[in-house]
$ cat upload34.pdb   # PDB, C-alpha atoms, pLDDT in the B column
ATOM      1  CA  MET A   1       0.000   0.000   0.000  1.00 39.00           C
ATOM      2  CA  PRO A   2       1.484   3.397  -0.951  1.00 40.00           C
ATOM      3  CA  ASN A   3       2.213   5.966   1.723  1.00 41.00           C
ATOM      4  CA  GLN A   4      -0.757   8.299   1.651  1.00 47.00           C
ATOM      5  CA  SER A   5       0.870  10.954   3.853  1.00 50.00           C
ATOM      6  CA  ARG A   6       3.218  12.178   1.131  1.00 53.00           C
ATOM      7  CA  PRO A   7       0.567  13.601  -1.231  1.00 73.00           C
ATOM      8  CA  LYS A   8      -1.106  15.396   1.682  1.00 74.00           C
ATOM      9  CA  VAL A   9       2.248  16.891   2.699  1.00 69.00           C
ATOM     10  CA  LYS A  10       2.794  18.153  -0.846  1.00 74.00           C
ATOM     11  CA  LYS A  11      -0.744  19.480  -0.933  1.00 73.00           C
ATOM     12  CA  SER A  12      -0.218  21.216   2.406  1.00 72.00           C
ATOM     13  CA  ARG A  13       2.913  22.944   1.143  1.00 70.00           C
ATOM     14  CA  ALA A  14       1.249  23.940  -2.118  1.00 74.00           C
ATOM     15  CA  LEU A  15      -1.709  25.513  -0.292  1.00 79.00           C
ATOM     16  CA  GLY A  16       0.283  26.989   2.582  1.00 76.00           C
ATOM     17  CA  ILE A  17      -1.628  25.157   5.331  1.00 73.00           C
ATOM     18  CA  ALA A  18      -1.030  21.924   7.234  1.00 69.00           C
ATOM     19  CA  LEU A  19      -3.907  19.580   6.367  1.00 75.00           C
ATOM     20  CA  THR A  20      -2.951  16.789   8.784  1.00 71.00           C
ATOM     21  CA  PRO A  21      -1.034  16.637  12.095  1.00 70.00           C
ATOM     22  CA  LYS A  22       1.703  14.661  10.321  1.00 65.00           C
ATOM     23  CA  ALA A  23       2.039  17.422   7.736  1.00 58.00           C
ATOM     24  CA  VAL A  24       2.750  20.069  10.379  1.00 61.00           C
ATOM     25  CA  LYS A  25       6.421  19.151  10.934  1.00 61.00           C
ATOM     26  CA  TYR A  26       7.082  18.777   7.200  1.00 56.00           C
ATOM     27  CA  PHE A  27       5.380  22.082   6.505  1.00 53.00           C
ATOM     28  CA  GLU A  28       7.366  23.876   9.210  1.00 60.00           C
ATOM     29  CA  ALA A  29      10.624  22.535   7.772  1.00 57.00           C
ATOM     30  CA  ARG A  30       9.733  23.473   4.189  1.00 57.00           C
ATOM     31  CA  PRO A  31       7.159  26.286   4.244  1.00 52.00           C
ATOM     32  CA  TYR A  32       7.177  26.750   0.486  1.00 52.00           C
ATOM     33  CA  PRO A  33       5.474  24.956  -2.420  1.00 54.00           C
ATOM     34  CA  PRO A  34       6.895  21.574  -3.556  1.00 52.00           C
ATOM     35  CA  GLY A  35       8.955  21.133  -6.684  1.00 52.00           C
ATOM     36  CA  GLU A  36      12.213  22.599  -7.947  1.00 51.00           C
ATOM     37  CA  HIS A  37      10.659  26.042  -8.406  1.00 47.00           C
ATOM     38  CA  GLY A  38       8.921  26.057  -5.036  1.00 48.00           C
ATOM     39  CA  ARG A  39      11.210  28.739  -3.620  1.00 52.00           C
ATOM     40  CA  GLY A  40      11.285  30.790  -6.786  1.00 48.00           C
ATOM     41  CA  ARG A  41       9.765  34.211  -7.318  1.00 49.00           C
ATOM     42  CA  LYS A  42       6.002  34.148  -7.146  1.00 57.00           C
ATOM     43  CA  GLN A  43       3.796  36.055  -9.545  1.00 59.00           C
ATOM     44  CA  ASN A  44       0.258  36.034  -8.227  1.00 74.00           C
ATOM     45  CA  SER A  45      -2.558  37.470 -10.270  1.00 88.00           C
ATOM     46  CA  ASP A  46      -5.828  38.470  -8.584  1.00 91.00           C
ATOM     47  CA  TYR A  47      -7.414  35.380 -10.106  1.00 93.00           C
ATOM     48  CA  LYS A  48      -4.684  33.097  -8.766  1.00 93.00           C
ATOM     49  CA  VAL A  49      -4.980  34.557  -5.265  1.00 93.00           C
ATOM     50  CA  ARG A  50      -8.727  33.949  -5.231  1.00 95.00           C
ATOM     51  CA  LEU A  51      -8.352  30.475  -6.733  1.00 95.00           C
ATOM     52  CA  LEU A  52      -5.768  29.505  -4.113  1.00 94.00           C
ATOM     53  CA  GLU A  53      -8.032  30.676  -1.289  1.00 95.00           C
ATOM     54  CA  LYS A  54     -10.922  28.661  -2.691  1.00 96.00           C
ATOM     55  CA  GLN A  55      -8.688  25.588  -2.966  1.00 95.00           C
ATOM     56  CA  ARG A  56      -7.482  26.076   0.619  1.00 94.00           C
ATOM     57  CA  LEU A  57     -11.037  26.103   1.918  1.00 96.00           C
ATOM     58  CA  ARG A  58     -11.973  23.076  -0.208  1.00 96.00           C
ATOM     59  CA  ALA A  59      -8.958  21.142   1.059  1.00 94.00           C
ATOM     60  CA  GLN A  60      -9.719  21.790   4.722  1.00 96.00           C
ATOM     61  CA  TYR A  61     -13.126  20.168   4.287  1.00 97.00           C
ATOM     62  CA  ASP A  62     -11.888  17.625   1.685  1.00 95.00           C
ATOM     63  CA  ILE A  63     -14.781  18.298  -0.679  1.00 96.00           C
ATOM     64  CA  SER A  64     -15.176  18.343  -4.453  1.00 95.00           C
ATOM     65  CA  GLU A  65     -15.561  21.448  -6.565  1.00 96.00           C
ATOM     66  CA  ARG A  66     -19.185  20.523  -7.189  1.00 96.00           C
ATOM     67  CA  GLN A  67     -19.891  20.272  -3.454  1.00 97.00           C
ATOM     68  CA  MET A  68     -18.169  23.605  -2.897  1.00 97.00           C
ATOM     69  CA  ALA A  69     -20.213  25.322  -5.599  1.00 97.00           C
ATOM     70  CA  ARG A  70     -23.448  23.947  -4.151  1.00 97.00           C
ATOM     71  CA  ALA A  71     -22.512  25.196  -0.691  1.00 97.00           C
ATOM     72  CA  TYR A  72     -21.789  28.620  -2.173  1.00 98.00           C
ATOM     73  CA  ASP A  73     -25.195  28.691  -3.880  1.00 97.00           C
ATOM     74  CA  ARG A  74     -26.880  27.943  -0.545  1.00 96.00           C
ATOM     75  CA  ALA A  75     -24.769  30.556   1.225  1.00 97.00           C
ATOM     76  CA  LYS A  76     -25.850  33.236  -1.267  1.00 96.00           C
ATOM     77  CA  LYS A  77     -29.437  32.739  -0.140  1.00 96.00           C
ATOM     78  CA  ALA A  78     -28.627  33.015   3.567  1.00 94.00           C
ATOM     79  CA  GLU A  79     -28.853  36.177   5.628  1.00 92.00           C
ATOM     80  CA  GLY A  80     -25.692  38.125   6.379  1.00 93.00           C
ATOM     81  CA  LYS A  81     -22.331  37.939   4.638  1.00 96.00           C
ATOM     82  CA  THR A  82     -22.096  35.256   1.979  1.00 97.00           C
ATOM     83  CA  GLY A  83     -18.531  34.305   2.878  1.00 97.00           C
ATOM     84  CA  GLU A  84     -19.310  33.730   6.525  1.00 97.00           C
ATOM     85  CA  ALA A  85     -22.470  31.815   5.603  1.00 97.00           C
ATOM     86  CA  LEU A  86     -20.372  29.612   3.281  1.00 98.00           C
ATOM     87  CA  VAL A  87     -17.960  28.587   6.033  1.00 98.00           C
ATOM     88  CA  VAL A  88     -20.843  27.936   8.447  1.00 97.00           C
ATOM     89  CA  GLU A  89     -22.550  25.845   5.757  1.00 97.00           C
ATOM     90  CA  LEU A  90     -19.428  23.701   5.362  1.00 98.00           C
ATOM     91  CA  GLU A  91     -18.881  23.422   9.104  1.00 98.00           C
ATOM     92  CA  ARG A  92     -22.312  21.849   9.561  1.00 98.00           C
ATOM     93  CA  ARG A  93     -21.249  18.853   7.462  1.00 98.00           C
ATOM     94  CA  LEU A  94     -21.332  15.647   9.504  1.00 98.00           C
ATOM     95  CA  ASP A  95     -17.710  14.731   8.794  1.00 98.00           C
ATOM     96  CA  ALA A  96     -16.503  18.199   9.822  1.00 98.00           C
ATOM     97  CA  LEU A  97     -18.293  18.009  13.160  1.00 98.00           C
ATOM     98  CA  VAL A  98     -17.035  14.463  13.810  1.00 98.00           C
ATOM     99  CA  LEU A  99     -13.548  15.950  13.416  1.00 96.00           C
ATOM    100  CA  ARG A 100     -14.232  18.966  15.658  1.00 96.00           C
ATOM    101  CA  SER A 101     -15.677  16.750  18.375  1.00 96.00           C
ATOM    102  CA  GLY A 102     -12.396  14.857  18.767  1.00 95.00           C
ATOM    103  CA  ILE A 103     -13.829  11.545  17.585  1.00 97.00           C
ATOM    104  CA  ALA A 104     -11.535  11.688  14.526  1.00 97.00           C
ATOM    105  CA  LYS A 105      -7.984  12.951  14.087  1.00 94.00           C
ATOM    106  CA  THR A 106      -8.275  14.281  10.531  1.00 94.00           C
ATOM    107  CA  ILE A 107     -11.048  15.195   8.112  1.00 96.00           C
ATOM    108  CA  TYR A 108     -10.031  12.162   6.048  1.00 96.00           C
ATOM    109  CA  GLN A 109     -10.528   9.819   9.000  1.00 97.00           C
ATOM    110  CA  ALA A 110     -13.831  11.514   9.883  1.00 98.00           C
ATOM    111  CA  ARG A 111     -15.099  11.002   6.333  1.00 97.00           C
ATOM    112  CA  GLN A 112     -14.100   7.326   6.443  1.00 98.00           C
ATOM    113  CA  MET A 113     -15.899   6.813   9.766  1.00 98.00           C
ATOM    114  CA  VAL A 114     -19.105   8.221   8.300  1.00 98.00           C
ATOM    115  CA  VAL A 115     -18.880   6.384   4.964  1.00 98.00           C
ATOM    116  CA  HIS A 116     -18.274   3.060   6.701  1.00 98.00           C
ATOM    117  CA  GLY A 117     -21.466   3.434   8.686  1.00 98.00           C
ATOM    118  CA  HIS A 118     -19.978   3.962  12.146  1.00 98.00           C
ATOM    119  CA  ILE A 119     -21.903   7.175  12.898  1.00 98.00           C
ATOM    120  CA  GLU A 120     -25.554   7.771  13.729  1.00 98.00           C
ATOM    121  CA  VAL A 121     -27.594  10.958  14.041  1.00 98.00           C
ATOM    122  CA  ASN A 122     -30.615  11.012  16.336  1.00 98.00           C
ATOM    123  CA  GLY A 123     -30.512   7.222  16.508  1.00 97.00           C
ATOM    124  CA  GLY A 124     -30.367   6.545  12.766  1.00 98.00           C
ATOM    125  CA  LYS A 125     -27.301   5.513  10.746  1.00 98.00           C
ATOM    126  CA  VAL A 126     -25.987   8.215   8.415  1.00 98.00           C
ATOM    127  CA  ASP A 127     -23.277   7.309   5.885  1.00 98.00           C
ATOM    128  CA  LYS A 128     -23.131  10.564   3.925  1.00 98.00           C
ATOM    129  CA  PRO A 129     -20.299  12.895   5.018  1.00 98.00           C
ATOM    130  CA  SER A 130     -22.192  15.822   3.454  1.00 97.00           C
ATOM    131  CA  PHE A 131     -25.189  15.320   5.769  1.00 98.00           C
ATOM    132  CA  ARG A 132     -25.954  18.721   7.308  1.00 97.00           C
ATOM    133  CA  VAL A 133     -26.311  18.560  11.068  1.00 98.00           C
ATOM    134  CA  ARG A 134     -28.959  20.822  12.610  1.00 98.00           C
ATOM    135  CA  PRO A 135     -28.985  22.430  16.056  1.00 98.00           C
ATOM    136  CA  ASP A 136     -30.025  19.948  18.770  1.00 98.00           C
ATOM    137  CA  ASP A 137     -29.095  16.946  16.616  1.00 98.00           C
ATOM    138  CA  ILE A 138     -27.300  14.271  18.647  1.00 98.00           C
ATOM    139  CA  VAL A 139     -24.448  12.478  16.881  1.00 98.00           C
ATOM    140  CA  MET A 140     -22.778   9.370  18.259  1.00 98.00           C
ATOM    141  CA  VAL A 141     -20.720   6.355  17.317  1.00 98.00           C
ATOM    142  CA  ARG A 142     -22.963   3.341  16.746  1.00 98.00           C
ATOM    143  CA  GLU A 143     -22.993   0.710  19.466  1.00 97.00           C
ATOM    144  CA  ARG A 144     -21.573  -2.002  17.192  1.00 96.00           C
ATOM    145  CA  SER A 145     -18.550   0.150  16.291  1.00 98.00           C
ATOM    146  CA  ARG A 146     -17.445   1.408  19.692  1.00 97.00           C
ATOM    147  CA  ASP A 147     -14.925  -1.352  20.390  1.00 96.00           C
ATOM    148  CA  LYS A 148     -12.941  -0.590  17.237  1.00 97.00           C
ATOM    149  CA  HIS A 149      -9.451   0.790  17.887  1.00 97.00           C
ATOM    150  CA  PRO A 150      -9.951   4.330  16.483  1.00 97.00           C
ATOM    151  CA  PHE A 151     -12.928   4.889  18.755  1.00 97.00           C
ATOM    152  CA  GLN A 152     -11.091   3.526  21.786  1.00 97.00           C
ATOM    153  CA  VAL A 153      -8.355   6.085  21.093  1.00 96.00           C
ATOM    154  CA  ALA A 154     -10.962   8.836  20.702  1.00 96.00           C
ATOM    155  CA  ARG A 155     -12.674   7.870  23.964  1.00 95.00           C
ATOM    156  CA  GLU A 156      -9.405   8.449  25.816  1.00 93.00           C
ATOM    157  CA  GLY A 157      -8.897  11.843  24.173  1.00 90.00           C
ATOM    158  CA  GLY A 158      -6.189  10.615  21.806  1.00 89.00           C
ATOM    159  CA  TYR A 159      -7.300  12.865  18.938  1.00 88.00           C
ATOM    160  CA  ASP A 160      -7.812  15.988  21.042  1.00 74.00           C
ATOM    161  CA  THR A 161      -4.871  18.060  19.841  1.00 62.00           C
ATOM    162  CA  ASP A 162      -5.555  21.520  21.251  1.00 63.00           C
ATOM    163  CA  GLY A 163      -7.776  20.698  24.200  1.00 59.00           C
ATOM    164  CA  GLU A 164     -10.448  23.181  23.171  1.00 79.00           C
ATOM    165  CA  THR A 165     -13.828  22.055  21.870  1.00 89.00           C
ATOM    166  CA  PRO A 166     -15.732  24.598  19.727  1.00 93.00           C
ATOM    167  CA  ARG A 167     -18.407  26.353  21.762  1.00 94.00           C
ATOM    168  CA  TYR A 168     -21.168  25.272  19.403  1.00 97.00           C
ATOM    169  CA  LEU A 169     -20.653  21.622  20.375  1.00 97.00           C
ATOM    170  CA  GLN A 170     -21.448  19.734  23.562  1.00 97.00           C
ATOM    171  CA  VAL A 171     -19.110  16.735  23.554  1.00 96.00           C
ATOM    172  CA  ASN A 172     -19.004  13.606  25.700  1.00 96.00           C
ATOM    173  CA  LEU A 173     -15.994  11.657  24.463  1.00 95.00           C
ATOM    174  CA  LYS A 174     -16.463   8.867  26.995  1.00 96.00           C
ATOM    175  CA  ALA A 175     -19.865   8.237  25.408  1.00 97.00           C
ATOM    176  CA  LEU A 176     -18.461   8.947  21.904  1.00 98.00           C
ATOM    177  CA  ALA A 177     -21.277  11.431  21.395  1.00 98.00           C
ATOM    178  CA  PHE A 178     -21.852  15.118  20.793  1.00 98.00           C
ATOM    179  CA  ARG A 179     -24.656  17.569  20.150  1.00 98.00           C
ATOM    180  CA  LEU A 180     -24.711  20.633  17.929  1.00 98.00           C
ATOM    181  CA  ASP A 181     -26.077  23.284  20.298  1.00 97.00           C
ATOM    182  CA  ARG A 182     -26.475  26.019  17.695  1.00 97.00           C
ATOM    183  CA  ASP A 183     -25.193  27.196  14.348  1.00 95.00           C
ATOM    184  CA  PRO A 184     -21.493  28.082  14.556  1.00 96.00           C
ATOM    185  CA  ASN A 185     -20.246  31.651  14.275  1.00 95.00           C
ATOM    186  CA  ARG A 186     -17.540  32.183  11.678  1.00 95.00           C
ATOM    187  CA  LYS A 187     -15.003  33.436  14.229  1.00 94.00           C
ATOM    188  CA  GLU A 188     -15.396  30.183  16.194  1.00 95.00           C
ATOM    189  CA  ILE A 189     -14.673  27.900  13.243  1.00 96.00           C
ATOM    190  CA  PRO A 190     -11.014  26.795  13.148  1.00 93.00           C
ATOM    191  CA  VAL A 191     -10.357  27.018   9.426  1.00 93.00           C
ATOM    192  CA  ILE A 192      -7.723  29.189   7.787  1.00 92.00           C
ATOM    193  CA  CYS A 193      -9.412  31.167   5.054  1.00 93.00           C
ATOM    194  CA  ASP A 194     -10.183  34.653   3.788  1.00 95.00           C
ATOM    195  CA  GLU A 195     -13.680  33.717   2.734  1.00 97.00           C
ATOM    196  CA  GLN A 196     -14.292  37.053   1.014  1.00 96.00           C
ATOM    197  CA  LEU A 197     -11.718  36.046  -1.625  1.00 97.00           C
ATOM    198  CA  VAL A 198     -13.668  32.812  -2.152  1.00 97.00           C
ATOM    199  CA  VAL A 199     -16.866  34.806  -2.695  1.00 97.00           C
ATOM    200  CA  GLU A 200     -15.024  37.032  -5.187  1.00 97.00           C
ATOM    201  CA  TYR A 201     -13.800  33.923  -7.017  1.00 97.00           C
ATOM    202  CA  TYR A 202     -17.335  32.613  -7.537  1.00 96.00           C
ATOM    203  CA  ALA A 203     -18.813  36.032  -8.237  1.00 93.00           C
ATOM    204  CA  ARG A 204     -16.320  36.827 -10.998  1.00 86.00           C
TER     205      ARG A 204
END
$ encode --input "upload34.pdb" --output "structure tokens"
Amino acid sequence: MPNQSRPKVKKSRALGIALTPKAVKYFEARPYPPGEHGRGRKQNSDYKVRLLEKQRLRAQYDISERQMARAYDRAKKAEGKTGEALVVELERRLDALVLRSGIAKTIYQARQMVVHGHIEVNGGKVDKPSFRVRPDDIVMVRERSRDKHPFQVAREGGYDTDGETPRYLQVNLKALAFRLDRDPNRKEIPVICDEQLVVEYYAR
């Protein structure tokens, strides 16, 4: 089986953000894009700057361009600033909240947990990472999956890297469960993005 960490490290360096915990040390050692011209002079057009910001946001949620465009269309119809609404829209994805809760270590692991049927919402199995969680929804690991190694690690806090749970979540790691108390505020969401540039990209 090929080492899957290498492409994510390259992707992290190309986008200027560490996408996995393992990528952090590589990114700190080489904080420039991969390739022989990675440290060369950069010529960034307005379009390229906006494209890069859109790609950074996409990568942090590990979603396709089609999913991103759909989220943007929904955000345009929401009240308030479109950019902030876009990030909130993405943050309500089931896989994103599984990651924030500390049940998963990376967005890739969170997606796999959902796809493999290990997660339930309000007592029913949900295997779509794009499922949008609503306030007061209760999300938990299914009973039949709780003895699996990744969930044993999560129960002991093994994936809790910064020790701070977002305020919009009520988490009980011992029970492998959490509840979305309310819609997140943009400033509470731990993604690195200038979302206004993303809006400008789609509005061009």
$ resolve_selection --input "upload34.pdb" --expression "the PyMOL selection byres ((chain A and resi 149-162) around 12)" --output "JSON, numbers by chain"
{"A": [20, 21, 98, 99, 100, 101, 102, 103, 104, 105, 106, 107, 109, 110, 112, 113, 118, 119, 140, 141, 142, 143, 144, 145, 146, 147, 148, 163, 164, 165, 166, 171, 172, 173, 174, 175, 176, 177, 190]}
$ closest_atom_pairs --input "upload34.pdb" --of "stretch 114-144 of chain A" --to "stretch 91-94 of chain A" --cutoff "10 Å" --atoms "all atoms listed in the file" --output "Markdown table"
| residue | atom | partner | partner_atom | distance |
| --- | --- | --- | --- | --- |
| A:Val114 | CA | A:Leu94 | CA | 7.8 |
| A:Ile119 | CA | A:Leu94 | CA | 9.1 |
| A:Glu120 | CA | A:Leu94 | CA | 9.9 |
| A:Val121 | CA | A:Leu94 | CA | 9.0 |
| A:Val126 | CA | A:Leu94 | CA | 8.8 |
| A:Asp127 | CA | A:Leu94 | CA | 9.3 |
| A:Lys128 | CA | A:Leu94 | CA | 7.8 |
| A:Pro129 | CA | A:Leu94 | CA | 5.4 |
| A:Ser130 | CA | A:Arg93 | CA | 5.1 |
| A:Phe131 | CA | A:Leu94 | CA | 5.4 |
| A:Arg132 | CA | A:Arg93 | CA | 4.7 |
| A:Val133 | CA | A:Arg92 | CA | 5.4 |
| A:Arg134 | CA | A:Arg92 | CA | 7.4 |
| A:Pro135 | CA | A:Arg92 | CA | 9.3 |
| A:Val139 | CA | A:Leu94 | CA | 8.6 |
$ atom_distance --input "upload34.pdb" --atom1 "atom CA of A:Asp181" --atom2 "atom CA of A:Leu97"
11.8 Å
$ axis_aligned_box --input "upload34.pdb" --around "stretch 101-113 of chain A" --padding-each-side "4 Å" --output "lines of an AutoDock Vina configuration file"
center_x = -11.9
center_y = 11.8
center_z = 12.4
size_x = 15.9
size_y = 17.9
size_z = 20.7
$ resolve_selection --input "upload34.pdb" --expression "the PyMOL selection byres ((chain A and resi 87) around 10)" --output "number ranges by chain"
A: 57, 61, 71-72, 75, 82-86, 88-92, 184-187, 189, 191, 193, 195
$ atom_distance --input "upload34.pdb" --atom1 "atom CA of A:Lys10" --atom2 "atom CA of A:Arg50"
20.0 Å
$ resolve_selection --input "upload34.pdb" --expression "the PyMOL selection byres ((chain A and resi 201) around 10)" --output "PyMOL selection string"
chain A and resi 46-54+195-200+202-204
$ write_last_selection --input "upload34.pdb" --atoms "C-alpha atoms" --output "PDB file, keeping the file's coordinate frame"
ATOM      1  CA  ASP A  46      -5.828  38.470  -8.584  1.00 91.00           C
ATOM      2  CA  TYR A  47      -7.414  35.380 -10.106  1.00 93.00           C
ATOM      3  CA  LYS A  48      -4.684  33.097  -8.766  1.00 93.00           C
ATOM      4  CA  VAL A  49      -4.980  34.557  -5.265  1.00 93.00           C
ATOM      5  CA  ARG A  50      -8.727  33.949  -5.231  1.00 95.00           C
ATOM      6  CA  LEU A  51      -8.352  30.475  -6.733  1.00 95.00           C
ATOM      7  CA  LEU A  52      -5.768  29.505  -4.113  1.00 94.00           C
ATOM      8  CA  GLU A  53      -8.032  30.676  -1.289  1.00 95.00           C
ATOM      9  CA  LYS A  54     -10.922  28.661  -2.691  1.00 96.00           C
ATOM     10  CA  GLU A 195     -13.680  33.717   2.734  1.00 97.00           C
ATOM     11  CA  GLN A 196     -14.292  37.053   1.014  1.00 96.00           C
ATOM     12  CA  LEU A 197     -11.718  36.046  -1.625  1.00 97.00           C
ATOM     13  CA  VAL A 198     -13.668  32.812  -2.152  1.00 97.00           C
ATOM     14  CA  VAL A 199     -16.866  34.806  -2.695  1.00 97.00           C
ATOM     15  CA  GLU A 200     -15.024  37.032  -5.187  1.00 97.00           C
ATOM     16  CA  TYR A 202     -17.335  32.613  -7.537  1.00 96.00           C
ATOM     17  CA  ALA A 203     -18.813  36.032  -8.237  1.00 93.00           C
ATOM     18  CA  ARG A 204     -16.320  36.827 -10.998  1.00 86.00           C
TER      19      ARG A 204
END
$ atom_distance --input "upload34.pdb" --atom1 "atom CA of A:Arg56" --atom2 "atom CA of A:Lys8"
12.5 Å
$ closest_residue --input "upload34.pdb" --among "A:Gln55, A:Arg167, A:Asp95, A:Lys81" --to "A:Ala69" --atoms "only C-alpha atoms"
A:Gln55
